[in-house]
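To start, the structure itself, in structure tokens.
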Amino acid sequence: MRPARSVLLVAALLLLGLVLTPATAQSAPTVPTTQNAAASPVAANGQLKVCGTKLCNQQGKTIQLRGMSTHGLQWYSQCVTSGSLNALATDWKADVLRVSMYIQEDGYETDPRRFTDLVHSAIEQATARGMYVIVDWHMLDPGDPHHNLARAKTFFSEIAQRHRDKNNLLYEIANEPSGVSWSRIKSYAEQLIPVIRAKDADTPILVGTRAWSSLGVSEGANESEVVANPVNAANIMYTFHFYAYSHRDEYLQTLSRAADRIPVFVTEFGTQNYAGEGANDFAMAQRYLDLLAAKKISWVNWNFSDDHRSGAVFKQGTCAGNGPWAGTSSLKPAGVWIRDRVRTPDDF
């Protein structure tokens, strides 16, 4: 997503003491009931792997994951709590949580230790609830992933080393590259993936695509460049992002063609414009979700916060008030719509 940000909001949160500190972030998570854990997506599917153009579970069955992305941890870590994650796992019945850690925009580069610890905490909390976790290296501006290659090697080395024995992770190594060629993104991936594989041989890796992960469409290209020149690595997928109000039939058709040729995971989408704001286009969004269901393409919605924009699922003030998290009373229209669709999981 490519929105403007509110400095005043961040300052207010800091003054109120609502932004998690690393010490707070590392506190022990509240674990759901044994019944919920036993029925969890991870209990049902185990270690995921890429098989052909699909995502498969440990039995080799093609599956579709559905879930939510956090907003940037530097702004909205107060929305990622034991209560909110319990609701996501048990009320929303989500399969996957995407942990969105911005690199710039007051994120990782300002305090690598703090933000790495926040990600560790989110991984542990999602794991305790039986959900899969996408570790999102949320590079955005600058759009060249090489700008953060050294940082990415450091971060993913630690994440992979600590969590290598877990069976519920996916690594998203470049959120939305922009202004660079596919060959440049491919080069980044082929330098970073071996660093991860030295620590963790099994976790699927999600590779961002050109033009804000649109498979190139937003910069006048299409999926053919990736199909013709794929990343030289195994057990990987390519990411696609869409915002239904802005991204119309050309994007939908590109996604449909691409999914027949390469493994695709929709790691971010919204029902609004590309900034995650404005009117909801639920009809166009449903066309996308119908395609994703038909082709077993996993998806994650943006975003699980109470940001003022229409794309944040909670009404403003929900996170500061610590809920209520379950049900629909705290949800904006997009939140009600997406919760209904997360709650209808794939047949694992």
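Each chain in the structure tokens gets a letter, A, B and so on, in the order shown; residues start at 1 in every chain, and ligands are counted from 1 in the order they appear.
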
For Thr70 in chain A: contacts at 8 Å, only C-alpha atoms, fewer than 3 positions along chain excluded, given as a VMD selection string: chain A and resid 73 76 79 to 80 97 to 100 302 to 305

Could you take the residues named above and write them with C-alpha atoms, as a compact mmCIF listing (two decimals), in the first residue's frame?
```txt
# COMPACT_ATOMS: atom_id res chain seq x y z
CA LEU A 73 4.38 -2.05 13.66
CA TYR A 76 -0.03 0.23 15.19
CA CYS A 79 -3.50 -3.31 17.67
CA VAL A 80 -1.51 -6.57 17.90
CA LEU A 97 -1.24 -13.31 10.06
CA ARG A 98 1.04 -11.10 8.01
CA VAL A 99 3.41 -9.15 10.28
CA SER A 100 4.11 -5.89 8.48
CA TRP A 302 -4.81 -4.96 4.44
CA ASN A 303 -5.19 -4.18 7.37
CA PHE A 304 -5.83 -5.27 10.97
CA SER A 305 -5.76 -1.85 12.67
```

Would you list the contacts of Arg151 in chain A as a JSON list (two decimals) with all heavy atoms, in the first residue's frame, taking every protein, DNA or RNA residue within 12 Å and counting only C-alpha atoms, but skipping same-chain residues closer than 6 positions in sequence?
```json
[["chain", "number", "residue", "atom", "x", "y", "z"],
["A", 103, "ILE", "N", 10.60, -0.93, 6.77],
["A", 103, "ILE", "CA", 12.05, -0.77, 6.93],
["A", 103, "ILE", "C", 12.39, 0.70, 7.11],
["A", 103, "ILE", "O", 13.10, 1.07, 8.06],
["A", 103, "ILE", "CB", 12.81, -1.35, 5.71],
["A", 103, "ILE", "CG1", 12.20, -2.70, 5.32],
["A", 103, "ILE", "CG2", 14.29, -1.46, 6.03],
["A", 103, "ILE", "CD1", 12.04, -3.68, 6.44],
["A", 104, "GLN", "N", 11.89, 1.53, 6.22],
["A", 104, "GLN", "CA", 12.00, 2.98, 6.39],
["A", 104, "GLN", "C", 10.71, 3.49, 7.04],
["A", 104, "GLN", "O", 10.07, 2.73, 7.78],
["A", 104, "GLN", "CB", 12.27, 3.65, 5.05],
["A", 104, "GLN", "CG", 13.74, 3.58, 4.60],
["A", 104, "GLN", "CD", 14.21, 2.22, 4.13],
["A", 104, "GLN", "OE1", 13.55, 1.54, 3.34],
["A", 104, "GLN", "NE2", 15.38, 1.80, 4.61],
["A", 108, "TYR", "N", 12.19, -0.26, 10.83],
["A", 108, "TYR", "CA", 13.33, -1.09, 11.22],
["A", 108, "TYR", "C", 14.65, -0.34, 11.28],
["A", 108, "TYR", "O", 15.42, -0.50, 12.23],
["A", 108, "TYR", "CB", 13.44, -2.27, 10.24],
["A", 108, "TYR", "CG", 14.65, -3.16, 10.44],
["A", 108, "TYR", "CD1", 14.61, -4.22, 11.34],
["A", 108, "TYR", "CD2", 15.82, -2.95, 9.71],
["A", 108, "TYR", "CE1", 15.71, -5.05, 11.50],
["A", 108, "TYR", "CE2", 16.92, -3.77, 9.87],
["A", 108, "TYR", "CZ", 16.87, -4.82, 10.77],
["A", 108, "TYR", "OH", 17.97, -5.63, 10.93],
["A", 109, "GLU", "N", 14.95, 0.48, 10.28],
["A", 109, "GLU", "CA", 16.26, 1.11, 10.24],
["A", 109, "GLU", "C", 16.50, 2.05, 11.42],
["A", 109, "GLU", "O", 17.65, 2.33, 11.76],
["A", 109, "GLU", "CB", 16.47, 1.86, 8.92],
["A", 109, "GLU", "CG", 15.62, 3.11, 8.75],
["A", 109, "GLU", "CD", 15.97, 3.90, 7.49],
["A", 109, "GLU", "OE1", 16.87, 3.47, 6.74],
["A", 109, "GLU", "OE2", 15.33, 4.94, 7.26],
["A", 110, "THR", "N", 15.43, 2.53, 12.07],
["A", 110, "THR", "CA", 15.59, 3.44, 13.21],
["A", 110, "THR", "C", 16.00, 2.70, 14.47],
["A", 110, "THR", "O", 16.61, 3.30, 15.36],
["A", 110, "THR", "CB", 14.29, 4.20, 13.50],
["A", 110, "THR", "OG1", 13.28, 3.29, 13.98],
["A", 110, "THR", "CG2", 13.78, 4.91, 12.27],
["A", 111, "ASP", "N", 15.68, 1.41, 14.59],
["A", 111, "ASP", "CA", 15.99, 0.63, 15.78],
["A", 111, "ASP", "C", 15.87, -0.86, 15.45],
["A", 111, "ASP", "O", 14.87, -1.50, 15.80],
["A", 111, "ASP", "CB", 15.04, 1.00, 16.92],
["A", 111, "ASP", "CG", 15.46, 0.44, 18.27],
["A", 111, "ASP", "OD1", 16.31, -0.48, 18.29],
["A", 111, "ASP", "OD2", 14.94, 0.92, 19.30],
["A", 112, "PRO", "N", 16.86, -1.42, 14.77],
["A", 112, "PRO", "CA", 16.76, -2.81, 14.33],
["A", 112, "PRO", "C", 16.45, -3.80, 15.46],
["A", 112, "PRO", "O", 15.67, -4.74, 15.27],
["A", 112, "PRO", "CB", 18.13, -3.09, 13.70],
["A", 112, "PRO", "CG", 18.58, -1.74, 13.23],
["A", 112, "PRO", "CD", 18.10, -0.79, 14.26],
["A", 113, "ARG", "N", 17.05, -3.59, 16.62],
["A", 113, "ARG", "CA", 16.81, -4.53, 17.73],
["A", 113, "ARG", "C", 15.35, -4.52, 18.16],
["A", 113, "ARG", "O", 14.73, -5.56, 18.33],
["A", 113, "ARG", "CB", 17.71, -4.16, 18.91],
["A", 113, "ARG", "CG", 17.62, -5.09, 20.13],
["A", 113, "ARG", "CD", 18.26, -6.46, 19.85],
["A", 113, "ARG", "NE", 17.31, -7.44, 19.35],
["A", 113, "ARG", "CZ", 17.61, -8.39, 18.47],
["A", 113, "ARG", "NH1", 18.83, -8.49, 17.97],
["A", 113, "ARG", "NH2", 16.71, -9.26, 18.08],
["A", 116, "THR", "N", 13.06, -6.05, 15.38],
["A", 116, "THR", "CA", 13.26, -7.51, 15.27],
["A", 116, "THR", "C", 12.57, -8.21, 16.43],
["A", 116, "THR", "O", 11.93, -9.25, 16.25],
["A", 116, "THR", "CB", 14.75, -7.84, 15.24],
["A", 116, "THR", "OG1", 15.38, -7.17, 14.14],
["A", 116, "THR", "CG2", 14.97, -9.35, 15.06],
["A", 137, "TRP", "N", 8.95, -8.20, 5.14],
["A", 137, "TRP", "CA", 10.00, -7.18, 5.02],
["A", 137, "TRP", "C", 9.41, -6.06, 4.18],
["A", 137, "TRP", "O", 9.47, -6.06, 2.97],
["A", 137, "TRP", "CB", 11.24, -7.80, 4.38],
["A", 137, "TRP", "CG", 12.44, -6.92, 4.24],
["A", 137, "TRP", "CD1", 12.93, -6.40, 3.09],
["A", 137, "TRP", "CD2", 13.34, -6.51, 5.28],
["A", 137, "TRP", "NE1", 14.08, -5.68, 3.33],
["A", 137, "TRP", "CE2", 14.35, -5.73, 4.68],
["A", 137, "TRP", "CE3", 13.39, -6.72, 6.66],
["A", 137, "TRP", "CZ2", 15.40, -5.17, 5.40],
["A", 137, "TRP", "CZ3", 14.43, -6.15, 7.38],
["A", 137, "TRP", "CH2", 15.43, -5.39, 6.75],
["A", 139, "MET", "N", 9.58, -3.26, 2.67],
["A", 139, "MET", "CA", 10.29, -2.19, 1.96],
["A", 139, "MET", "C", 9.32, -1.51, 1.01],
["A", 139, "MET", "O", 8.51, -2.14, 0.35],
["A", 139, "MET", "CB", 11.52, -2.74, 1.23],
["A", 139, "MET", "CG", 11.32, -3.93, 0.31],
["A", 139, "MET", "SD", 10.51, -3.64, -1.28],
["A", 139, "MET", "CE", 11.48, -2.34, -1.97],
["A", 145, "PRO", "N", 14.91, -2.85, -3.86],
["A", 145, "PRO", "CA", 15.17, -3.70, -2.69],
["A", 145, "PRO", "C", 16.64, -3.80, -2.33],
["A", 145, "PRO", "O", 16.98, -4.08, -1.17],
["A", 145, "PRO", "CB", 14.59, -5.05, -3.09],
["A", 145, "PRO", "CG", 14.54, -5.04, -4.57],
["A", 145, "PRO", "CD", 14.30, -3.62, -4.96],
["A", 157, "SER", "N", 18.49, -13.59, 8.69],
["A", 157, "SER", "CA", 19.38, -14.58, 9.30],
["A", 157, "SER", "C", 18.96, -14.86, 10.73],
["A", 157, "SER", "O", 18.90, -16.02, 11.16],
["A", 157, "SER", "CB", 20.82, -14.07, 9.27],
["A", 157, "SER", "OG", 21.34, -14.06, 7.97],
["A", 158, "GLU", "N", 18.65, -13.81, 11.48],
["A", 158, "GLU", "CA", 18.23, -14.00, 12.87],
["A", 158, "GLU", "C", 16.86, -14.66, 12.95],
["A", 158, "GLU", "O", 16.65, -15.58, 13.76],
["A", 158, "GLU", "CB", 18.21, -12.67, 13.62],
["A", 158, "GLU", "CG", 17.75, -12.82, 15.06],
["A", 158, "GLU", "CD", 17.89, -11.57, 15.90],
["A", 158, "GLU", "OE1", 18.80, -10.75, 15.63],
["A", 158, "GLU", "OE2", 17.07, -11.40, 16.83],
["A", 173, "ILE", "N", 10.10, -11.34, 1.30],
["A", 173, "ILE", "CA", 11.41, -10.68, 1.36],
["A", 173, "ILE", "C", 11.46, -9.30, 0.71],
["A", 173, "ILE", "O", 12.47, -8.60, 0.83],
["A", 173, "ILE", "CB", 12.50, -11.58, 0.74],
["A", 173, "ILE", "CG1", 12.21, -11.87, -0.73],
["A", 173, "ILE", "CG2", 12.63, -12.88, 1.53],
["A", 173, "ILE", "CD1", 13.34, -12.61, -1.45],
["A", 174, "ALA", "N", 10.39, -8.88, 0.04],
["A", 174, "ALA", "CA", 10.38, -7.54, -0.57],
["A", 174, "ALA", "C", 8.93, -7.15, -0.84],
["A", 174, "ALA", "O", 8.34, -7.56, -1.83],
["A", 174, "ALA", "CB", 11.18, -7.51, -1.87],
["A", 192, "LEU", "N", 19.65, -12.88, -1.44],
["A", 192, "LEU", "CA", 19.11, -13.03, -0.09],
["A", 192, "LEU", "C", 18.67, -14.45, 0.22],
["A", 192, "LEU", "O", 18.88, -14.95, 1.34],
["A", 192, "LEU", "CB", 17.93, -12.07, 0.09],
["A", 192, "LEU", "CG", 17.22, -12.10, 1.45],
["A", 192, "LEU", "CD1", 18.19, -11.84, 2.59],
["A", 192, "LEU", "CD2", 16.08, -11.09, 1.47],
["A", 195, "VAL", "N", 21.11, -16.88, 1.86],
["A", 195, "VAL", "CA", 21.39, -16.52, 3.26],
["A", 195, "VAL", "C", 20.32, -17.12, 4.17],
["A", 195, "VAL", "O", 20.62, -17.66, 5.24],
["A", 195, "VAL", "CB", 21.44, -14.99, 3.41],
["A", 195, "VAL", "CG1", 21.57, -14.59, 4.88],
["A", 195, "VAL", "CG2", 22.59, -14.41, 2.60]]
```

For Arg66 in chain A, find every residue with an atom within 9 Å (counting only C-alpha atoms), except residues of its own chain fewer than 3 positions away, and show them as a short mmCIF file (atom, residue, chain, number, x, y, z; two decimals) with C-alpha atoms, in the first residue's frame.
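File produced: around_27.cif:
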```cif
data_model
loop_
_atom_site.label_atom_id
_atom_site.label_comp_id
_atom_site.auth_asym_id
_atom_site.auth_seq_id
_atom_site.Cartn_x
_atom_site.Cartn_y
_atom_site.Cartn_z
CA ALA A 94 -8.03 -16.71 10.20
CA ASP A 95 -5.39 -19.05 8.83
CA VAL A 96 -2.56 -16.54 8.55
CA LEU A 97 -1.24 -13.31 10.06
CA SER A 298 -3.90 -17.66 -0.84
CA TRP A 299 -4.66 -14.12 0.28
CA VAL A 300 -4.15 -11.58 3.05
CA ASN A 301 -6.18 -8.40 3.51
CA ARG A 341 -14.86 -14.04 3.98
CA VAL A 342 -12.00 -14.94 6.31
CA ARG A 343 -14.50 -16.98 8.35
CA THR A 344 -15.26 -19.27 5.40
CA PRO A 345 -11.98 -21.21 5.24
CA ASP A 346 -10.67 -23.57 2.64
#
```

Strand (DSSP E or B) positions in range 199-267 of chain A, given as a PyMOL selection string: chain A and resi 205-207+236-243+264-267

Residue neighbourhood Val227 in chain A, 8 Å, only C-alpha atoms, exclusion window fewer than 2 positions, as a PyMOL selection string: chain A and resi 223-225+229-230+258+261-262

Long-range neighbours of Asp249 in chain A as an MDAnalysis selection string, 12 Å cut-off, only C-alpha atoms, 3 positions minimum in chain: chainID A and resid 217 242:246 252:256 284:285 287:288
